[in-house]
Structure formats: structure tokens, C-alpha cells
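So this block is input-v8.pdb, PDB, C-alpha atoms, pLDDT in the B column:
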```pdb
ATOM      1  CA  MET A  27      68.001  -9.961 -14.229  1.00 46.00           C
ATOM      2  CA  LYS A  28      64.650 -10.991 -15.499  1.00 55.00           C
ATOM      3  CA  ARG A  29      63.703 -12.351 -12.063  1.00 59.00           C
ATOM      4  CA  SER A  30      64.165  -9.031 -10.241  1.00 61.00           C
ATOM      5  CA  LYS A  31      61.784  -7.177 -12.565  1.00 64.00           C
ATOM      6  CA  GLU A  32      58.971  -9.717 -12.033  1.00 67.00           C
ATOM      7  CA  LYS A  33      59.369  -9.919  -8.266  1.00 70.00           C
ATOM      8  CA  GLY A  34      56.579  -7.415  -7.384  1.00 77.00           C
ATOM      9  CA  PHE A  35      54.270  -8.258 -10.293  1.00 80.00           C
ATOM     10  CA  VAL A  36      52.597 -11.189  -8.483  1.00 81.00           C
ATOM     11  CA  LEU A  37      51.963  -9.076  -5.369  1.00 83.00           C
ATOM     12  CA  ILE A  38      50.362  -6.245  -7.384  1.00 86.00           C
ATOM     13  CA  THR A  39      48.224  -8.734  -9.354  1.00 87.00           C
ATOM     14  CA  THR A  40      47.035 -10.407  -6.138  1.00 89.00           C
ATOM     15  CA  ILE A  41      46.131  -7.071  -4.537  1.00 92.00           C
ATOM     16  CA  LEU A  42      44.293  -5.947  -7.685  1.00 93.00           C
ATOM     17  CA  ILE A  43      42.233  -9.168  -7.860  1.00 94.00           C
ATOM     18  CA  SER A  44      41.436  -8.861  -4.122  1.00 96.00           C
ATOM     19  CA  VAL A  45      40.194  -5.285  -4.547  1.00 95.00           C
ATOM     20  CA  ILE A  46      37.978  -6.302  -7.474  1.00 95.00           C
ATOM     21  CA  ALA A  47      36.567  -9.247  -5.474  1.00 95.00           C
ATOM     22  CA  LEU A  48      35.867  -7.013  -2.454  1.00 95.00           C
ATOM     23  CA  ALA A  49      34.119  -4.442  -4.662  1.00 95.00           C
ATOM     24  CA  ALA A  50      31.930  -7.166  -6.189  1.00 94.00           C
ATOM     25  CA  ILE A  51      31.038  -8.571  -2.748  1.00 95.00           C
ATOM     26  CA  GLY A  52      30.252  -5.080  -1.457  1.00 94.00           C
ATOM     27  CA  ALA A  53      28.029  -4.326  -4.446  1.00 93.00           C
ATOM     28  CA  PHE A  54      26.147  -7.597  -4.009  1.00 92.00           C
ATOM     29  CA  THR A  55      25.655  -6.905  -0.290  1.00 90.00           C
ATOM     30  CA  MET A  56      24.329  -3.398  -0.968  1.00 91.00           C
ATOM     31  CA  TYR A  57      21.967  -4.773  -3.636  1.00 89.00           C
ATOM     32  CA  SER A  58      20.549  -7.428  -1.301  1.00 87.00           C
ATOM     33  CA  VAL A  59      20.045  -4.922   1.563  1.00 85.00           C
ATOM     34  CA  TYR A  60      18.307  -2.461  -0.775  1.00 84.00           C
ATOM     35  CA  SER A  61      16.113  -5.217  -2.241  1.00 82.00           C
ATOM     36  CA  GLU A  62      15.044  -6.288   1.243  1.00 81.00           C
ATOM     37  CA  LYS A  63      14.037  -2.721   2.167  1.00 79.00           C
ATOM     38  CA  VAL A  64      12.002  -2.319  -1.014  1.00 79.00           C
ATOM     39  CA  TYR A  65      10.314  -5.691  -0.484  1.00 79.00           C
ATOM     40  CA  GLY A  66       9.425  -4.764   3.110  1.00 77.00           C
ATOM     41  CA  LYS A  67       7.855  -1.473   2.032  1.00 78.00           C
ATOM     42  CA  HIS A  68       5.883  -3.226  -0.692  1.00 79.00           C
ATOM     43  CA  LYS A  69       4.629  -5.895   1.720  1.00 80.00           C
ATOM     44  CA  ARG A  70       3.535  -3.296   4.300  1.00 78.00           C
ATOM     45  CA  TYR A  71       1.676  -1.299   1.651  1.00 82.00           C
ATOM     46  CA  THR A  72       0.029  -4.446   0.282  1.00 86.00           C
ATOM     47  CA  THR A  73      -1.339  -5.506   3.679  1.00 86.00           C
ATOM     48  CA  ALA A  74      -2.725  -2.009   4.327  1.00 88.00           C
ATOM     49  CA  LEU A  75      -4.263  -2.004   0.847  1.00 90.00           C
ATOM     50  CA  GLU A  76      -5.933  -5.365   1.483  1.00 90.00           C
ATOM     51  CA  ALA A  77      -7.454  -4.011   4.711  1.00 91.00           C
ATOM     52  CA  ALA A  78      -8.850  -1.008   2.805  1.00 92.00           C
ATOM     53  CA  LYS A  79     -10.189  -3.259   0.018  1.00 93.00           C
ATOM     54  CA  GLY A  80     -11.907  -5.491   2.566  1.00 92.00           C
ATOM     55  CA  MET A  81     -13.663  -2.514   4.124  1.00 92.00           C
ATOM     56  CA  ALA A  82     -14.582  -1.225   0.646  1.00 93.00           C
ATOM     57  CA  ASP A  83     -16.273  -4.562  -0.099  1.00 93.00           C
ATOM     58  CA  TYR A  84     -18.205  -4.310   3.174  1.00 92.00           C
ATOM     59  CA  VAL A  85     -19.331  -0.733   2.439  1.00 91.00           C
ATOM     60  CA  ILE A  86     -20.358  -1.615  -1.139  1.00 92.00           C
ATOM     61  CA  ARG A  87     -22.446  -4.574   0.058  1.00 92.00           C
ATOM     62  CA  GLY A  88     -24.036  -2.401   2.750  1.00 90.00           C
ATOM     63  CA  LEU A  89     -24.948   0.415   0.364  1.00 89.00           C
ATOM     64  CA  VAL A  90     -26.337  -1.945  -2.278  1.00 89.00           C
ATOM     65  CA  SER A  91     -28.370  -4.025   0.201  1.00 89.00           C
ATOM     66  CA  GLY A  92     -29.572  -0.998   2.160  1.00 83.00           C
ATOM     67  CA  ASP A  93     -27.906  -2.071   5.424  1.00 87.00           C
ATOM     68  CA  ILE A  94     -25.940   1.209   5.381  1.00 83.00           C
ATOM     69  CA  THR A  95     -28.275   4.160   5.030  1.00 81.00           C
ATOM     70  CA  LEU A  96     -27.339   7.808   4.632  1.00 80.00           C
ATOM     71  CA  SER A  97     -30.675   9.542   5.087  1.00 75.00           C
ATOM     72  CA  SER A  98     -29.474  13.086   5.812  1.00 79.00           C
ATOM     73  CA  CYS A  99     -25.955  12.910   4.391  1.00 80.00           C
ATOM     74  CA  THR A 100     -24.998  14.746   1.219  1.00 81.00           C
ATOM     75  CA  ALA A 101     -21.239  15.232   1.633  1.00 84.00           C
ATOM     76  CA  ASN A 102     -18.300  14.331   3.915  1.00 87.00           C
ATOM     77  CA  CYS A 103     -20.140  11.865   6.154  1.00 87.00           C
ATOM     78  CA  ILE A 104     -18.019   9.519   8.252  1.00 87.00           C
ATOM     79  CA  LEU A 105     -19.485   6.027   8.515  1.00 86.00           C
ATOM     80  CA  THR A 106     -19.427   4.974  12.152  1.00 84.00           C
ATOM     81  CA  SER A 107     -20.757   1.457  12.723  1.00 84.00           C
ATOM     82  CA  LEU A 108     -18.089  -0.381  10.737  1.00 87.00           C
ATOM     83  CA  PRO A 109     -16.548  -3.706  11.733  1.00 89.00           C
ATOM     84  CA  SER A 110     -12.993  -3.620  13.037  1.00 87.00           C
ATOM     85  CA  ILE A 111     -10.081  -5.130  11.166  1.00 87.00           C
ATOM     86  CA  SER A 112      -7.500  -6.609  13.501  1.00 87.00           C
ATOM     87  CA  GLY A 113      -4.398  -4.430  13.788  1.00 88.00           C
ATOM     88  CA  TYR A 114      -5.686  -1.647  11.521  1.00 91.00           C
ATOM     89  CA  ASN A 115      -7.506   1.633  12.034  1.00 90.00           C
ATOM     90  CA  VAL A 116      -9.934   1.787   9.114  1.00 92.00           C
ATOM     91  CA  SER A 117     -12.233   4.704   8.393  1.00 92.00           C
ATOM     92  CA  ALA A 118     -14.824   5.237   5.677  1.00 92.00           C
ATOM     93  CA  THR A 119     -15.984   8.640   4.491  1.00 91.00           C
ATOM     94  CA  VAL A 120     -18.788   9.271   2.035  1.00 90.00           C
ATOM     95  CA  LEU A 121     -17.428  12.213   0.065  1.00 90.00           C
ATOM     96  CA  GLN A 122     -20.549  12.968  -1.960  1.00 88.00           C
ATOM     97  CA  VAL A 123     -24.066  11.598  -2.394  1.00 88.00           C
ATOM     98  CA  ALA A 124     -26.208  12.343  -5.446  1.00 86.00           C
ATOM     99  CA  ILE A 125     -29.791  11.085  -5.616  1.00 83.00           C
ATOM    100  CA  GLN A 126     -31.593  11.126  -8.960  1.00 83.00           C
ATOM    101  CA  PRO A 127     -35.334  10.442  -8.830  1.00 82.00           C
ATOM    102  CA  SER A 128     -36.633   8.281 -11.653  1.00 77.00           C
ATOM    103  CA  VAL A 129     -39.819   6.456 -12.605  1.00 78.00           C
ATOM    104  CA  ALA A 130     -38.392   3.049 -11.637  1.00 73.00           C
ATOM    105  CA  GLY A 131     -37.084   4.342  -8.294  1.00 77.00           C
ATOM    106  CA  ASP A 132     -34.335   6.564  -6.985  1.00 82.00           C
ATOM    107  CA  ILE A 133     -30.816   6.203  -8.367  1.00 85.00           C
ATOM    108  CA  SER A 134     -28.104   7.003  -5.828  1.00 86.00           C
ATOM    109  CA  VAL A 135     -24.478   7.703  -6.622  1.00 89.00           C
ATOM    110  CA  TYR A 136     -21.941   7.560  -3.778  1.00 89.00           C
ATOM    111  CA  ALA A 137     -18.323   8.710  -3.786  1.00 93.00           C
ATOM    112  CA  VAL A 138     -16.497   6.948  -0.938  1.00 93.00           C
ATOM    113  CA  ARG A 139     -12.978   7.062   0.527  1.00 95.00           C
ATOM    114  CA  ILE A 140     -11.658   4.193   2.662  1.00 94.00           C
ATOM    115  CA  SER A 141      -8.428   4.807   4.612  1.00 93.00           C
ATOM    116  CA  SER A 142      -6.538   2.139   6.499  1.00 93.00           C
ATOM    117  CA  GLN A 143      -3.551   2.592   8.801  1.00 91.00           C
ATOM    118  CA  LYS A 144      -1.723  -0.010  10.835  1.00 89.00           C
ATOM    119  CA  ALA A 145      -2.223   0.659  14.545  1.00 88.00           C
ATOM    120  CA  SER A 146       1.370  -0.202  15.486  1.00 87.00           C
ATOM    121  CA  ASN A 147       3.042   1.515  12.499  1.00 84.00           C
ATOM    122  CA  PRO A 148       1.417   4.731  11.221  1.00 82.00           C
ATOM    123  CA  VAL A 149       3.642   4.724   8.116  1.00 82.00           C
ATOM    124  CA  GLU A 150       1.846   1.611   6.884  1.00 86.00           C
ATOM    125  CA  LYS A 151      -1.269   3.101   5.298  1.00 88.00           C
ATOM    126  CA  SER A 152      -3.396   2.988   2.184  1.00 91.00           C
ATOM    127  CA  THR A 153      -6.421   4.760   0.708  1.00 92.00           C
ATOM    128  CA  VAL A 154      -9.060   3.426  -1.671  1.00 94.00           C
ATOM    129  CA  GLU A 155     -11.567   5.719  -3.375  1.00 95.00           C
ATOM    130  CA  PHE A 156     -14.492   4.603  -5.482  1.00 94.00           C
ATOM    131  CA  VAL A 157     -17.808   5.754  -6.949  1.00 93.00           C
ATOM    132  CA  LEU A 158     -20.839   3.476  -6.626  1.00 92.00           C
ATOM    133  CA  LYS A 159     -24.160   3.714  -8.469  1.00 90.00           C
ATOM    134  CA  VAL A 160     -27.110   2.053  -6.732  1.00 88.00           C
ATOM    135  CA  GLU A 161     -30.391   1.706  -8.591  1.00 83.00           C
TER     136      GLU A 161
END
```
Write out the structure in this file as C-alpha cells.
Amino acid sequence: MKRSKEKGFVLITTILISVIALAAIGAFTMYSVYSEKVYGKHKRYTTALEAAKGMADYVIRGLVSGDITLSSCTANCILTSLPSISGYNVSATVLQVAIQPSVAGDISVYAVRISSQKASNPVEKSTVEFVLKVE
């Protein structure tokens, strides 16, 4: 008698353990796929950001040294003669220029926006904005 009551118990236990194992494997798979997507987005943004930072360094050096001059620009001037960064479309815009005359010489304040976008993937983009004071 006791044997007939326990006959299906092993089958139900096996099926229950299998369902739990499949759910755990499915959850782990979904987690790893999601993590890979997030990592890819982060990496694409980081490379676009590095391209924008590189151009920002170039523009800062040019404004400080006087190699980049903005004689008639006061607002929204697009810098044209910039070096190219392989694989990226990078643009630099001077948003505002303020010149303060002083006894020691003019003090210039520049507000600049650098935008970078990957040529092969327009979703991969970044923008850097900064204000620079040159004495």
C-alpha cells in the first residue's frame, strides 16, 4: 500500500527540480545578455567622449597659444581648420566670446562646445562643453 502512494512522488520532484534549474539558467542567460548590451553602450560612449576630449585639448592649446584666433567672432562661431580624428566627425563651436580690456592686457573668456560622432554609427556620440579664460 505504501508503495503505490509514493509512486508519482519521485516524478513530480524531478520535474520540479528541472523547472527550477531551467529558470535559474534562463535568468543567468538574460543577465549576461543584458550586461553585454550595457557594456557595449558604455564602451561606444567612452570612445566618442575620448575623441571629444582630444579635440577639446587641441582647442584649449590653440586658444591659449594664439594659434586659433577669433578676431570677429562674438557668438556661435564654428571652428573650421581642425585636425581630423580617424573614424569620427568632430566639430567645435565657440558659443560665446567675452573680451575684458585690462591694464596688463586683454582677458578673453571663451565658451566652447565640442561634439563628436562616429562616422559609421551616428548613435555613438558625445558632447563636451567648457569655459576657458585666457589672460
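This file, filtered with the PyMOL selection byres ((chain A and resi 113) around 7), gives the residues A:Ile111, A:Ser112, A:Tyr114, A:Lys144, A:Ala145.
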Inset, instruction - Could you state which residues are captured by the PyMOL selection byres ((chain A and resi 101) around 12) in this file, as an NGL selection string? - result: :A and (96-100 or 102-105 or 119-125 or 135-139)
Inset, instruction - Take the PyMOL selection byres ((chain A and resi 85) around 12), apply it to the structure above, and return the hits as a VMD selection string. - result: chain A and resid 78 to 84 86 to 96 104 to 109 116 to 120 136 to 140 154 to 158
Inset, instruction - For Glu150 (chain A), list every protein, DNA or RNA residue within 10 Å, evaluated using all atoms listed in the file, and leave out those in the same chain fewer than 3 positions away; present the list as a PyMOL selection string. - result: chain A and resi 67-75+114+142-147
Inset, instruction - Please indicate the distance in Å from CA of Ile38 (chain A) to CA of Ile51 (chain A), rounded to one decimal place. - result: 20.0 Å
